[in-house]
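*Asks:* My structure is in upload_29.pdb, and what it holds is PDB, C-alpha atoms and all ligand atoms:
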```pdb
ATOM      1  CA  MET P1132      49.892 114.240 145.008
ATOM      2  CA  ALA P1133      53.498 113.013 144.842
ATOM      3  CA  ILE P1134      56.044 115.572 146.005
ATOM      4  CA  LYS P1135      58.730 116.364 143.441
ATOM      5  CA  ARG P1136      59.699 119.907 144.237
ATOM      6  CA  ILE P1137      59.909 121.490 147.713
ATOM      7  CA  GLY P1138      59.853 125.202 148.487
ATOM      8  CA  LEU P1139      62.051 125.995 151.511
ATOM      9  CA  LEU P1140      61.970 129.217 153.502
ATOM     10  CA  THR P1141      63.077 130.637 156.842
ATOM     11  CA  ALA P1142      60.792 133.185 158.501
ATOM     12  CA  GLY P1143      60.498 135.346 161.640
ATOM     13  CA  GLY P1144      63.466 135.909 163.936
ATOM     14  CA  ASP P1145      66.504 133.916 162.861
ATOM     15  CA  ALA P1146      67.911 131.265 165.179
ATOM     16  CA  PRO P1147      71.418 129.737 165.136
ATOM     17  CA  GLY P1148      71.144 126.375 163.399
ATOM     18  CA  MET P1149      68.738 127.486 160.681
ATOM     19  CA  ASN P1150      71.533 127.031 158.141
ATOM     20  CA  ALA P1151      72.111 123.484 159.312
ATOM     21  CA  ALA P1152      68.387 122.843 158.785
ATOM     22  CA  ILE P1153      68.641 124.251 155.247
ATOM     23  CA  ARG P1154      71.622 122.007 154.529
ATOM     24  CA  SER P1155      69.784 118.985 155.815
ATOM     25  CA  VAL P1156      66.544 119.617 153.901
ATOM     26  CA  VAL P1157      68.418 120.250 150.654
ATOM     27  CA  ARG P1158      70.764 117.278 150.802
ATOM     28  CA  TYR P1159      68.256 114.822 152.234
ATOM     29  CA  ALA P1160      65.657 115.858 149.645
ATOM     30  CA  ILE P1161      68.193 115.480 146.834
ATOM     31  CA  SER P1162      69.060 112.003 148.113
ATOM     32  CA  HIS P1163      65.362 111.189 147.552
ATOM     33  CA  LYS P1164      65.464 112.605 143.990
ATOM     34  CA  LEU P1165      63.531 115.741 144.967
ATOM     35  CA  GLU P1166      64.275 119.304 143.934
ATOM     36  CA  VAL P1167      64.471 122.177 146.392
ATOM     37  CA  MET P1168      63.693 125.811 145.634
ATOM     38  CA  GLY P1169      65.003 128.288 148.202
ATOM     39  CA  VAL P1170      62.616 131.167 148.908
ATOM     40  CA  LEU P1171      64.389 134.347 150.001
ATOM     41  CA  ARG P1172      63.322 136.545 152.944
ATOM     42  CA  GLY P1173      60.567 134.261 154.177
ATOM     43  CA  TRP P1174      56.993 134.872 153.010
ATOM     44  CA  TRP P1175      58.153 138.068 151.328
ATOM     45  CA  GLY P1176      60.060 135.972 148.780
ATOM     46  CA  LEU P1177      56.971 133.955 147.923
ATOM     47  CA  ILE P1178      54.975 137.131 147.392
ATOM     48  CA  ASN P1179      57.703 138.758 145.307
ATOM     49  CA  GLU P1180      59.021 135.703 143.452
ATOM     50  CA  GLU P1181      62.473 135.781 145.036
ATOM     51  CA  ILE P1182      63.301 132.139 144.488
ATOM     52  CA  LYS P1183      66.355 130.161 143.503
ATOM     53  CA  PRO P1184      67.139 126.467 143.073
ATOM     54  CA  LEU P1185      69.294 124.963 145.816
ATOM     55  CA  ASP P1186      71.652 122.186 144.780
ATOM     56  CA  HIS P1187      74.027 120.042 146.841
ATOM     57  CA  ARG P1188      76.913 122.528 146.565
ATOM     58  CA  SER P1189      74.785 125.586 147.351
ATOM     59  CA  VAL P1190      74.644 124.537 151.002
ATOM     60  CA  SER P1191      78.349 123.772 151.427
ATOM     61  CA  ASN P1192      80.134 125.383 154.377
ATOM     62  CA  ILE P1193      77.050 126.776 156.081
ATOM     63  CA  ILE P1194      76.647 124.185 158.835
ATOM     64  CA  ASN P1195      78.742 126.296 161.219
ATOM     65  CA  LEU P1196      77.100 129.648 160.440
ATOM     66  CA  GLY P1197      74.464 131.486 162.472
ATOM     67  CA  GLY P1198      71.716 133.403 160.702
ATOM     68  CA  THR P1199      70.183 132.040 157.515
ATOM     69  CA  ILE P1200      71.557 132.080 153.977
ATOM     70  CA  LEU P1201      67.963 132.353 152.740
ATOM     71  CA  LYS P1202      67.521 135.501 154.832
ATOM     72  CA  THR P1203      64.422 136.050 156.888
ATOM     73  CA  ALA P1204      61.850 138.737 157.591
ATOM     74  CA  ARG P1205      58.694 139.532 159.469
ATOM     75  CA  CYS P1206      56.148 140.029 156.677
ATOM     76  CA  PRO P1207      52.860 141.800 157.525
ATOM     77  CA  GLU P1208      51.857 141.660 153.828
ATOM     78  CA  PHE P1209      51.475 137.912 154.076
ATOM     79  CA  HIS P1210      48.552 138.446 156.444
ATOM     80  CA  THR P1211      46.595 140.175 153.672
ATOM     81  CA  LYS P1212      44.439 138.392 151.092
ATOM     82  CA  GLU P1213      46.393 140.007 148.252
ATOM     83  CA  GLY P1214      49.729 138.879 149.683
ATOM     84  CA  GLN P1215      48.503 135.329 150.083
ATOM     85  CA  GLU P1216      47.075 135.204 146.554
ATOM     86  CA  ARG P1217      50.406 136.358 145.157
ATOM     87  CA  ALA P1218      52.274 133.777 147.221
ATOM     88  CA  LYS P1219      49.976 131.047 145.942
ATOM     89  CA  LYS P1220      50.551 132.132 142.334
ATOM     90  CA  THR P1221      54.310 131.912 142.864
ATOM     91  CA  ILE P1222      53.941 128.391 144.227
ATOM     92  CA  GLU P1223      51.982 127.387 141.103
ATOM     93  CA  LYS P1224      54.322 129.166 138.730
ATOM     94  CA  TYR P1225      57.369 127.368 140.125
ATOM     95  CA  SER P1226      55.550 123.995 140.365
ATOM     96  CA  ILE P1227      56.213 123.733 144.084
ATOM     97  CA  ASP P1228      54.371 120.705 145.504
ATOM     98  CA  GLY P1229      55.028 121.315 149.181
ATOM     99  CA  LEU P1230      56.563 123.846 151.556
ATOM    100  CA  ILE P1231      59.026 123.434 154.408
ATOM    101  CA  VAL P1232      59.065 126.494 156.664
ATOM    102  CA  VAL P1233      61.708 127.019 159.321
ATOM    103  CA  GLY P1234      60.624 129.346 162.129
ATOM    104  CA  GLY P1235      58.731 129.808 165.376
ATOM    105  CA  ASN P1236      55.105 130.043 166.417
ATOM    106  CA  GLY P1237      54.411 133.215 164.387
ATOM    107  CA  THR P1238      55.652 131.439 161.264
ATOM    108  CA  PHE P1239      53.531 128.388 162.020
ATOM    109  CA  GLU P1240      50.441 130.502 162.555
ATOM    110  CA  ALA P1241      50.875 131.981 159.069
ATOM    111  CA  SER P1242      51.690 128.527 157.626
ATOM    112  CA  HIS P1243      48.616 127.001 159.234
ATOM    113  CA  LYS P1244      46.219 129.549 157.748
ATOM    114  CA  PHE P1245      47.873 129.601 154.327
ATOM    115  CA  SER P1246      48.229 125.855 153.866
ATOM    116  CA  GLU P1247      44.656 125.159 155.011
ATOM    117  CA  LYS P1248      43.179 127.895 152.824
ATOM    118  CA  TYR P1249      44.965 126.873 149.619
ATOM    119  CA  LYS P1250      45.426 123.176 150.358
ATOM    120  CA  ILE P1251      49.200 123.399 150.053
ATOM    121  CA  PRO P1252      51.180 120.659 151.819
ATOM    122  CA  CYS P1253      53.312 122.366 154.442
ATOM    123  CA  VAL P1254      55.620 121.161 157.212
ATOM    124  CA  GLY P1255      57.322 123.362 159.809
ATOM    125  CA  ILE P1256      60.730 123.027 161.442
ATOM    126  CA  ALA P1257      60.754 124.544 164.927
ATOM    127  CA  ALA P1258      63.500 127.157 165.231
ATOM    128  CA  SER P1259      63.364 129.886 167.873
ATOM    129  CA  ILE P1260      65.826 131.144 170.434
ATOM    130  CA  ASP P1261      62.864 131.636 172.804
ATOM    131  CA  ASN P1262      61.985 127.924 172.668
ATOM    132  CA  ASP P1263      58.322 128.916 172.736
ATOM    133  CA  VAL P1264      56.640 126.458 170.357
ATOM    134  CA  ASN P1265      53.854 124.651 172.171
ATOM    135  CA  GLY P1266      54.111 120.849 172.303
ATOM    136  CA  ILE P1267      57.830 120.978 171.553
ATOM    137  CA  GLU P1268      60.491 120.865 174.244
ATOM    138  CA  GLU P1269      63.493 121.911 172.159
ATOM    139  CA  THR P1270      63.658 124.239 169.181
ATOM    140  CA  ILE P1271      66.670 124.949 166.997
ATOM    141  CA  GLY P1272      68.785 127.810 168.333
ATOM    142  CA  ALA P1273      67.655 127.994 171.951
ATOM    143  CA  ASP P1274      70.691 126.092 173.245
ATOM    144  CA  THR P1275      73.059 128.372 171.313
ATOM    145  CA  ALA P1276      71.334 131.533 172.544
ATOM    146  CA  ILE P1277      71.532 130.353 176.145
ATOM    147  CA  ASN P1278      75.234 129.611 175.825
ATOM    148  CA  THR P1279      75.875 132.983 174.197
ATOM    149  CA  ALA P1280      74.047 134.781 177.004
ATOM    150  CA  LEU P1281      75.842 132.664 179.580
ATOM    151  CA  PHE P1282      79.234 133.584 178.124
ATOM    152  CA  ALA P1283      78.344 137.266 178.513
ATOM    153  CA  ILE P1284      77.022 136.797 182.044
ATOM    154  CA  ASP P1285      80.185 134.942 183.095
ATOM    155  CA  ASN P1286      82.221 137.896 181.809
ATOM    156  CA  ILE P1287      80.038 140.361 183.665
ATOM    157  CA  ARG P1288      80.409 138.296 186.838
ATOM    158  CA  ASP P1289      84.171 138.940 186.762
ATOM    159  CA  THR P1290      83.745 142.689 186.884
ATOM    160  CA  ALA P1291      80.697 142.512 189.175
ATOM    161  CA  THR P1292      82.705 140.550 191.726
ATOM    162  CA  SER P1293      85.844 142.639 191.384
ATOM    163  CA  MET P1294      84.095 145.982 191.682
ATOM    164  CA  GLU P1295      81.441 144.707 194.076
ATOM    165  CA  ARG P1296      78.526 145.944 192.057
ATOM    166  CA  ILE P1297      74.972 144.945 191.351
ATOM    167  CA  PHE P1298      74.126 144.143 187.723
ATOM    168  CA  VAL P1299      70.737 143.834 186.071
ATOM    169  CA  ILE P1300      71.180 141.917 182.811
ATOM    170  CA  GLU P1301      68.387 141.930 180.236
ATOM    171  CA  VAL P1302      68.116 138.897 177.973
ATOM    172  CA  MET P1303      65.780 138.226 175.052
ATOM    173  CA  GLY P1304      62.293 136.804 175.442
ATOM    174  CA  ARG P1305      59.424 139.132 174.625
ATOM    175  CA  GLU P1306      56.832 136.722 175.941
ATOM    176  CA  SER P1307      58.938 133.973 177.415
ATOM    177  CA  GLY P1308      61.253 133.715 180.405
ATOM    178  CA  TYR P1309      62.927 130.592 179.028
ATOM    179  CA  ILE P1310      66.347 132.074 178.236
ATOM    180  CA  ALA P1311      66.322 134.126 181.440
ATOM    181  CA  LEU P1312      65.593 131.138 183.671
ATOM    182  CA  GLN P1313      68.129 128.880 181.995
ATOM    183  CA  VAL P1314      70.968 131.390 182.150
ATOM    184  CA  ALA P1315      70.118 132.531 185.669
ATOM    185  CA  LEU P1316      70.454 128.944 186.847
ATOM    186  CA  ALA P1317      73.544 128.095 184.797
ATOM    187  CA  GLY P1318      75.137 131.455 185.615
ATOM    188  CA  GLY P1319      74.620 131.140 189.382
ATOM    189  CA  CYS P1320      72.671 134.401 189.415
ATOM    190  CA  GLU P1321      70.948 135.716 192.517
ATOM    191  CA  GLU P1322      67.577 136.583 191.022
ATOM    192  CA  VAL P1323      65.597 136.212 187.814
ATOM    193  CA  ILE P1324      62.633 138.276 186.681
ATOM    194  CA  ILE P1325      60.392 136.698 184.019
ATOM    195  CA  PRO P1326      57.004 137.464 182.439
ATOM    196  CA  GLU P1327      55.479 134.245 183.808
ATOM    197  CA  ARG P1328      55.936 135.257 187.435
ATOM    198  CA  LYS P1329      55.183 138.296 189.583
ATOM    199  CA  TYR P1330      58.167 139.854 191.291
ATOM    200  CA  ASP P1331      58.573 142.034 194.331
ATOM    201  CA  LEU P1332      61.334 144.589 193.961
ATOM    202  CA  GLU P1333      61.024 145.722 197.588
ATOM    203  CA  ARG P1334      61.748 142.149 198.700
ATOM    204  CA  ILE P1335      64.715 141.885 196.317
ATOM    205  CA  CYS P1336      66.126 145.182 197.575
ATOM    206  CA  HIS P1337      65.642 144.135 201.173
ATOM    207  CA  GLU P1338      67.672 140.970 200.503
ATOM    208  CA  ILE P1339      70.376 142.982 198.751
ATOM    209  CA  VAL P1340      70.713 145.332 201.741
ATOM    210  CA  GLU P1341      70.732 142.421 204.181
ATOM    211  CA  GLY P1342      73.356 140.640 202.084
ATOM    212  CA  ASN P1343      75.353 143.831 201.969
ATOM    213  CA  LEU P1344      75.454 143.971 205.765
ATOM    214  CA  ARG P1345      76.804 140.401 205.766
ATOM    215  CA  GLY P1346      79.481 141.353 203.236
ATOM    216  CA  LYS P1347      77.780 140.027 200.081
ATOM    217  CA  ILE P1348      77.963 143.025 197.823
ATOM    218  CA  SER P1349      77.828 141.792 194.236
ATOM    219  CA  TRP P1350      74.526 140.612 192.741
ATOM    220  CA  ILE P1351      73.489 139.508 189.283
ATOM    221  CA  ILE P1352      69.819 139.824 188.443
ATOM    222  CA  VAL P1353      68.648 138.494 185.078
ATOM    223  CA  ILE P1354      65.522 139.937 183.517
ATOM    224  CA  ALA P1355      63.669 138.740 180.419
ATOM    225  CA  GLU P1356      62.844 141.646 178.103
ATOM    226  CA  GLY P1357      59.128 140.800 178.343
ATOM    227  CA  ALA P1358      59.174 141.390 182.104
ATOM    228  CA  GLY P1359      60.552 144.935 182.104
ATOM    229  CA  LYS P1360      63.533 147.098 181.286
ATOM    230  CA  SER P1361      66.890 146.509 182.947
ATOM    231  CA  GLU P1362      67.505 150.290 183.099
ATOM    232  CA  ASP P1363      64.301 150.890 185.086
ATOM    233  CA  ILE P1364      64.976 148.058 187.515
ATOM    234  CA  ALA P1365      68.593 149.164 188.045
ATOM    235  CA  LYS P1366      67.453 152.738 188.731
ATOM    236  CA  LYS P1367      64.879 151.615 191.270
ATOM    237  CA  ILE P1368      67.381 149.341 193.023
ATOM    238  CA  THR P1369      69.777 152.261 193.413
ATOM    239  CA  GLU P1370      66.954 154.494 194.677
ATOM    240  CA  ILE P1371      65.854 151.962 197.282
ATOM    241  CA  THR P1372      69.232 150.570 198.383
ATOM    242  CA  THR P1373      71.548 153.519 197.516
ATOM    243  CA  LEU P1374      73.906 150.900 196.046
ATOM    244  CA  GLU P1375      75.578 151.317 192.680
ATOM    245  CA  THR P1376      73.701 149.229 190.090
ATOM    246  CA  ARG P1377      74.512 148.788 186.395
ATOM    247  CA  ALA P1378      72.162 147.740 183.602
ATOM    248  CA  VAL P1379      73.230 145.660 180.587
ATOM    249  CA  ILE P1380      71.081 144.727 177.596
ATOM    250  CA  LEU P1381      72.477 141.680 175.781
ATOM    251  CA  GLY P1382      70.055 142.105 172.870
ATOM    252  CA  HIS P1383      70.571 140.638 169.410
ATOM    253  CA  ILE P1384      73.991 139.199 170.220
ATOM    254  CA  GLN P1385      71.926 136.257 171.500
ATOM    255  CA  ARG P1386      70.396 135.625 168.091
ATOM    256  CA  GLY P1387      73.607 135.172 166.144
ATOM    257  CA  GLY P1388      76.819 133.219 166.245
ATOM    258  CA  ARG P1389      78.144 129.748 165.701
ATOM    259  CA  PRO P1390      75.466 127.180 166.545
ATOM    260  CA  THR P1391      76.311 124.670 169.274
ATOM    261  CA  ALA P1392      76.562 120.986 168.389
ATOM    262  CA  PHE P1393      73.174 120.496 170.023
ATOM    263  CA  SER P1394      71.478 123.181 167.894
ATOM    264  CA  ARG P1395      73.122 121.860 164.721
ATOM    265  CA  ASN P1396      72.226 118.241 165.300
ATOM    266  CA  LEU P1397      68.647 119.118 166.145
ATOM    267  CA  ALA P1398      68.478 121.090 162.908
ATOM    268  CA  LEU P1399      69.949 118.262 160.836
ATOM    269  CA  ARG P1400      67.522 115.734 162.306
ATOM    270  CA  PHE P1401      64.538 118.077 161.961
ATOM    271  CA  GLY P1402      65.396 118.676 158.302
ATOM    272  CA  GLN P1403      65.345 114.966 157.573
ATOM    273  CA  ALA P1404      62.068 114.489 159.479
ATOM    274  CA  ALA P1405      60.404 117.388 157.651
ATOM    275  CA  VAL P1406      61.210 115.928 154.228
ATOM    276  CA  ASP P1407      60.019 112.486 155.375
ATOM    277  CA  CYS P1408      56.769 114.048 156.590
ATOM    278  CA  LEU P1409      56.088 115.655 153.223
ATOM    279  CA  LEU P1410      56.921 112.416 151.421
ATOM    280  CA  LYS P1411      54.492 110.487 153.626
ATOM    281  CA  GLY P1412      51.759 113.017 152.878
ATOM    282  CA  GLU P1413      51.725 114.280 156.476
ATOM    283  CA  THR P1414      51.100 117.987 156.375
ATOM    284  CA  GLY P1415      50.190 120.862 158.716
ATOM    285  CA  LYS P1416      52.738 119.776 161.333
ATOM    286  CA  ALA P1417      55.736 121.284 163.079
ATOM    287  CA  ILE P1418      58.805 119.144 163.714
ATOM    288  CA  GLY P1419      60.529 119.403 167.079
ATOM    289  CA  LEU P1420      62.109 117.422 169.910
ATOM    290  CA  THR P1421      60.130 116.236 172.934
ATOM    291  CA  ASN P1422      61.206 113.620 175.490
ATOM    292  CA  GLY P1423      64.320 113.034 173.413
ATOM    293  CA  LYS P1424      62.323 112.058 170.330
ATOM    294  CA  ILE P1425      61.551 113.800 167.083
ATOM    295  CA  VAL P1426      57.860 114.715 167.082
ATOM    296  CA  ALA P1427      55.464 116.187 164.523
ATOM    297  CA  VAL P1428      52.963 118.454 166.281
ATOM    298  CA  ASP P1429      49.848 119.775 164.533
ATOM    299  CA  PHE P1430      50.159 123.460 163.675
ATOM    300  CA  ALA P1431      46.909 124.042 165.603
ATOM    301  CA  THR P1432      48.666 122.811 168.776
ATOM    302  CA  ALA P1433      52.068 124.347 168.024
ATOM    303  CA  ILE P1434      50.636 127.885 167.788
ATOM    304  CA  LYS P1435      48.915 127.804 171.184
ATOM    305  CA  LYS P1436      50.616 129.638 174.023
ATOM    306  CA  LYS P1437      53.301 127.428 175.544
ATOM    307  CA  GLU P1438      52.962 127.318 179.318
ATOM    308  CA  LEU P1439      56.467 127.343 180.710
ATOM    309  CA  GLN P1440      56.832 125.436 183.992
ATOM    310  CA  VAL P1441      58.824 127.970 185.948
ATOM    311  CA  GLU P1442      58.413 127.283 189.660
ATOM    312  CA  ASN P1443      60.953 124.467 190.078
ATOM    313  CA  LEU P1444      63.694 126.237 188.146
ATOM    314  CA  TYR P1445      62.961 129.577 189.794
ATOM    315  CA  ASN P1446      63.084 128.024 193.267
ATOM    316  CA  LEU P1447      66.366 126.293 192.436
ATOM    317  CA  VAL P1448      67.917 129.579 191.319
ATOM    318  CA  ARG P1449      66.923 131.106 194.657
ATOM    319  CA  ILE P1450      67.895 128.126 196.840
ATOM    320  CA  LEU P1451      71.372 127.916 195.304
ATOM    321  CA  THR P1452      72.100 131.616 195.756
TER     322      THR P1452
HETATM  323  O1  LIG P1501      63.188 135.578 167.798
HETATM  324  C1  LIG P1501      62.634 135.817 169.038
HETATM  325  C2  LIG P1501      63.073 137.177 169.513
HETATM  326  O2  LIG P1501      64.471 137.195 169.564
HETATM  327  C3  LIG P1501      62.481 137.598 170.844
HETATM  328  O3  LIG P1501      63.123 137.065 171.954
HETATM  329  C4  LIG P1501      62.629 139.077 170.737
HETATM  330  O4  LIG P1501      61.746 139.743 171.580
HETATM  331  C5  LIG P1501      62.315 139.332 169.306
HETATM  332  O5  LIG P1501      62.670 138.177 168.614
HETATM  333  C6  LIG P1501      62.995 140.531 168.724
HETATM  334  O6  LIG P1501      62.587 140.662 167.403
HETATM  335  P1  LIG P1501      63.156 141.753 166.408
HETATM  336  O7  LIG P1501      64.560 141.373 166.104
HETATM  337  O8  LIG P1501      62.258 141.658 165.220
HETATM  338  O9  LIG P1501      63.061 143.040 167.125
END
```
Give the structure from this file in structure tokens form.
*Replies:*
Amino acid sequence: MAIKRIGLLTAGGDAPGMNAAIRSVVRYAISHKLEVMGVLRGWWGLINEEIKPLDHRSVSNIINLGGTILKTARCPEFHTKEGQERAKKTIEKYSIDGLIVVGGNGTFEASHKFSEKYKIPCVGIAASIDNDVNGIEETIGADTAINTALFAIDNIRDTATSMERIFVIEVMGRESGYIALQVALAGGCEEVIIPERKYDLERICHEIVEGNLRGKISWIIVIAEGAGKSEDIAKKITEITTLETRAVILGHIQRGGRPTAFSRNLALRFGQAAVDCLLKGETGKAIGLTNGKIVAVDFATAIKKKELQVENLYNLVRILT
């Protein structure tokens, strides 16, 4: 079936650059004489008929904004049969011929099931600060989140060095140590604790005490939220070493803010590729960047657990300490 009208939504955790992806899908689709309907609040908007047409002007001045003008949500209702039936009815009612969904692996899992079940053409655009979509090396937003976290860590380093303290800094990543590893390396941190790797706090404390005897007093330890709580680790370090240790949780600050040029340009290119995919009749795929090229990965592959290669980066963090 020829695609005339696209439904566009953003779902799951927002990622900086989603707005650039929206801009790209809308304007590129219009340049191909297609219409775009914006679905608000992700799957929730499909279930509840929260839909509005998006024209060329509606996406003006959003390229530099974090978040998503379409809003986003985590929507448990979409996992129910009733929710899906209602979403399908909305798609029919608004004569939507194909969906473009911007999100991460949770979004693609829902897209995969829904589009297969109801035979609705659907293409994903990989956007996640955790960069955890399997088969895709770079997702929209990860670069921005890393730079945001790095900015904070650089600031903390100033006070850590001046007051000669140990800091345990918690970054986002419920299941992935990607942000933690990247910022630990770029931030020149002494240690990084991630879900993909066992850690030995006794060993870390021993090194801190040894360093202390040599006159190295300030330490920055980065921990991914999926590997433990910064408060707990800081408390244990103080118990074992008797040294003053502070905990910082960077939290949702990493999800917002002005997207970097890299995140924006990925988003703009992914938007174009997603529309092209739909036009070519390629469906059930997630668009991302791998080996410097735009790729379209089957949803079935994209939703598998991404195995992060951590050893080389981890070792480099430690060697350069
Ligand atoms: O979007 C990914 C992510 O930021 C994870 O790193 C984090 O664990 C999670 O979302 C937090 O989600 P929420 O904002 O729904 O608590």
*Asks:* As a check of understanding, name the residues that the PyMOL selection byres (((chain P and resi 1148) around 12) and not hetatm) selects in the supplied structure, as an MDAnalysis selection string.
*Replies:* chainID P and resid 1141 1145:1147 1149:1155 1193:1200 1233:1234 1256:1260 1270:1276 1386:1402
*Asks:* Enumerate, as a PyMOL selection string, the protein, DNA and RNA residues whose atoms approach (61.0, 118.7, 170.3) to within 10 Å, taking into account all atoms listed in the file and the coordinate frame of the file.
*Replies:* chain P and resi 1256-1257+1262+1264-1271+1397+1401+1417-1428
*Asks:* Where's the centre, and what are the edge lengths in Å to one decimal, of a box along x, y and z enclosing all listed atoms of stretch 1428-1432 of chain P padded 8 Å per side, as AutoDock Vina command-line options?
*Replies:*
```
--center_x 49.9 --center_y 121.2 --center_z 166.2 --size_x 22.1 --size_y 21.6 --size_z 21.1
```
*Asks:* In Å to one decimal, how far is atom CA of P:Asn1446 from atom CA of P:Arg1377?
*Replies:*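 These atoms are spaced 24.7 Å apart.
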*Asks:* Please write as a ChimeraX atom specification the full residue list that the PyMOL selection byres (((chain P and resi 1407) around 12) and not hetatm) yields on this file.
*Replies:* /P:1134,1137,1155-1156,1159-1160,1162-1163,1165,1229,1231,1253-1254,1400-1406,1408-1414,1416,1418,1425,1427
*Asks:* Show me which residues are within 9 Å of ligand LIG 1501 (chain P) counting all atoms listed in the file, and format the list as a PyMOL selection string.
*Replies:* chain P and resi 1143-1146+1204-1205+1234-1235+1258-1263+1302-1307+1310+1355-1357+1382-1383+1385-1386
*Asks:* Considering only C-alpha atoms, state which residue in the set P:Asn1278, P:His1243, P:Asp1289, P:Gln1440 is at the smallest distance from P:Arg1328.
*Replies:*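 Of the candidates, the smallest distance to P:Arg1328 is held by P:Gln1440.
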*Asks:* Using all atoms listed in the file, which protein or nucleic acid residues come within 10 Å of stretch 1337-1340 of chain P? Drop anything in the same chain fewer than 5 positions from it, and give the result as a ChimeraX atom specification.
*Replies:* /P:1297,1321,1332,1345-1350,1368,1371-1374
*Asks:* Keeping C-alpha atoms for every residue in the selection just given, could you write it to a file as a PDB file, in the coordinates of the input?
*Replies:*
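Ended up saving to again_17.pdb:
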```pdb
ATOM      1  CA  ILE P1297      74.972 144.945 191.351  1.00  0.00           C
ATOM      2  CA  GLU P1321      70.948 135.716 192.517  1.00  0.00           C
ATOM      3  CA  LEU P1332      61.334 144.589 193.961  1.00  0.00           C
ATOM      4  CA  ARG P1345      76.804 140.401 205.766  1.00  0.00           C
ATOM      5  CA  GLY P1346      79.481 141.353 203.236  1.00  0.00           C
ATOM      6  CA  LYS P1347      77.780 140.027 200.081  1.00  0.00           C
ATOM      7  CA  ILE P1348      77.963 143.025 197.823  1.00  0.00           C
ATOM      8  CA  SER P1349      77.828 141.792 194.236  1.00  0.00           C
ATOM      9  CA  TRP P1350      74.526 140.612 192.741  1.00  0.00           C
ATOM     10  CA  ILE P1368      67.381 149.341 193.023  1.00  0.00           C
ATOM     11  CA  ILE P1371      65.854 151.962 197.282  1.00  0.00           C
ATOM     12  CA  THR P1372      69.232 150.570 198.383  1.00  0.00           C
ATOM     13  CA  THR P1373      71.548 153.519 197.516  1.00  0.00           C
ATOM     14  CA  LEU P1374      73.906 150.900 196.046  1.00  0.00           C
TER      15      LEU P1374
END
```
*Asks:* From the list P:Ala1431, P:Ile1300, P:Ile1178, P:Ile1380, which residue is nearest P:Ile1222 when using only C-alpha atoms?
*Replies:*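 Once distances to P:Ile1222 are computed over only C-alpha atoms, the minimum belongs to P:Ile1178.
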*Asks:* Since I can't run it myself right now, could you work out what the PyMOL selection byres (((chain P and resi 1284) around 9) and not hetatm) selects here and report it as a PyMOL selection string?
*Replies:* chain P and resi 1279-1283+1285-1289+1300+1314-1315+1318+1320+1351
*Asks:* Mind pulling up the distance from atom CA of P:Ile1161 to atom CA of P:Ser1226?
*Replies:*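 Atom-to-atom, atom CA of P:Ser1226 to atom CA of P:Ile1161, that is 16.6 Å.
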*Asks:* Just how far from atom CA of P:Ser1189 is atom CA of P:Trp1174, in Å to one decimal?
*Replies:*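 Interatomic distance, atom CA of P:Trp1174 to atom CA of P:Ser1189: 20.9 Å.
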*Asks:* With only C-alpha atoms as the basis for distance, which of P:Thr1238, P:Thr1432, P:Asn1179, P:Ser1191 is at the shortest distance from P:Lys1219?
*Replies:* P:Asn1179
*Asks:* May I have the residues within 7 Å of P:Arg1172 as JSON, numbers by chain, using only C-alpha atoms and disregarding those fewer than 5 positions away in the same chain?
*Replies:* {"P": [1142, 1201, 1202, 1203, 1204]}
*Asks:* Find the spatial neighbours of P:Lys1135, counting all atoms listed in the file, within a cut-off of 8 Å - ignore same-chain residues fewer than 5 positions away - and output them as a list in words.
*Replies:* Lys1164, Leu1165, Glu1166, Ile1227 and Asp1228 of chain P
*Asks:* Using only C-alpha atoms, can you tell me which of P:Val1448, P:Ile1364, P:Ala1218, P:Val1157 comes closest to P:Glu1180?
*Replies:*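 With only C-alpha atoms as the atom set, the closest residue is P:Ala1218.
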*Asks:* Go through P:Arg1217, P:Glu1438, P:Pro1207, P:Cys1336 and flag the residue nearest P:Lys1366, using all atoms listed in the file for the distances.
*Replies:*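 Looking at the shortest contact to P:Lys1366, the residue is P:Cys1336.
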*Asks:* Which residue out of P:Ile1277, P:Val1323, P:Leu1444, P:Leu1177 has the minimum interatomic distance to P:Phe1298 when all atoms listed in the file are used?
*Replies:* P:Val1323
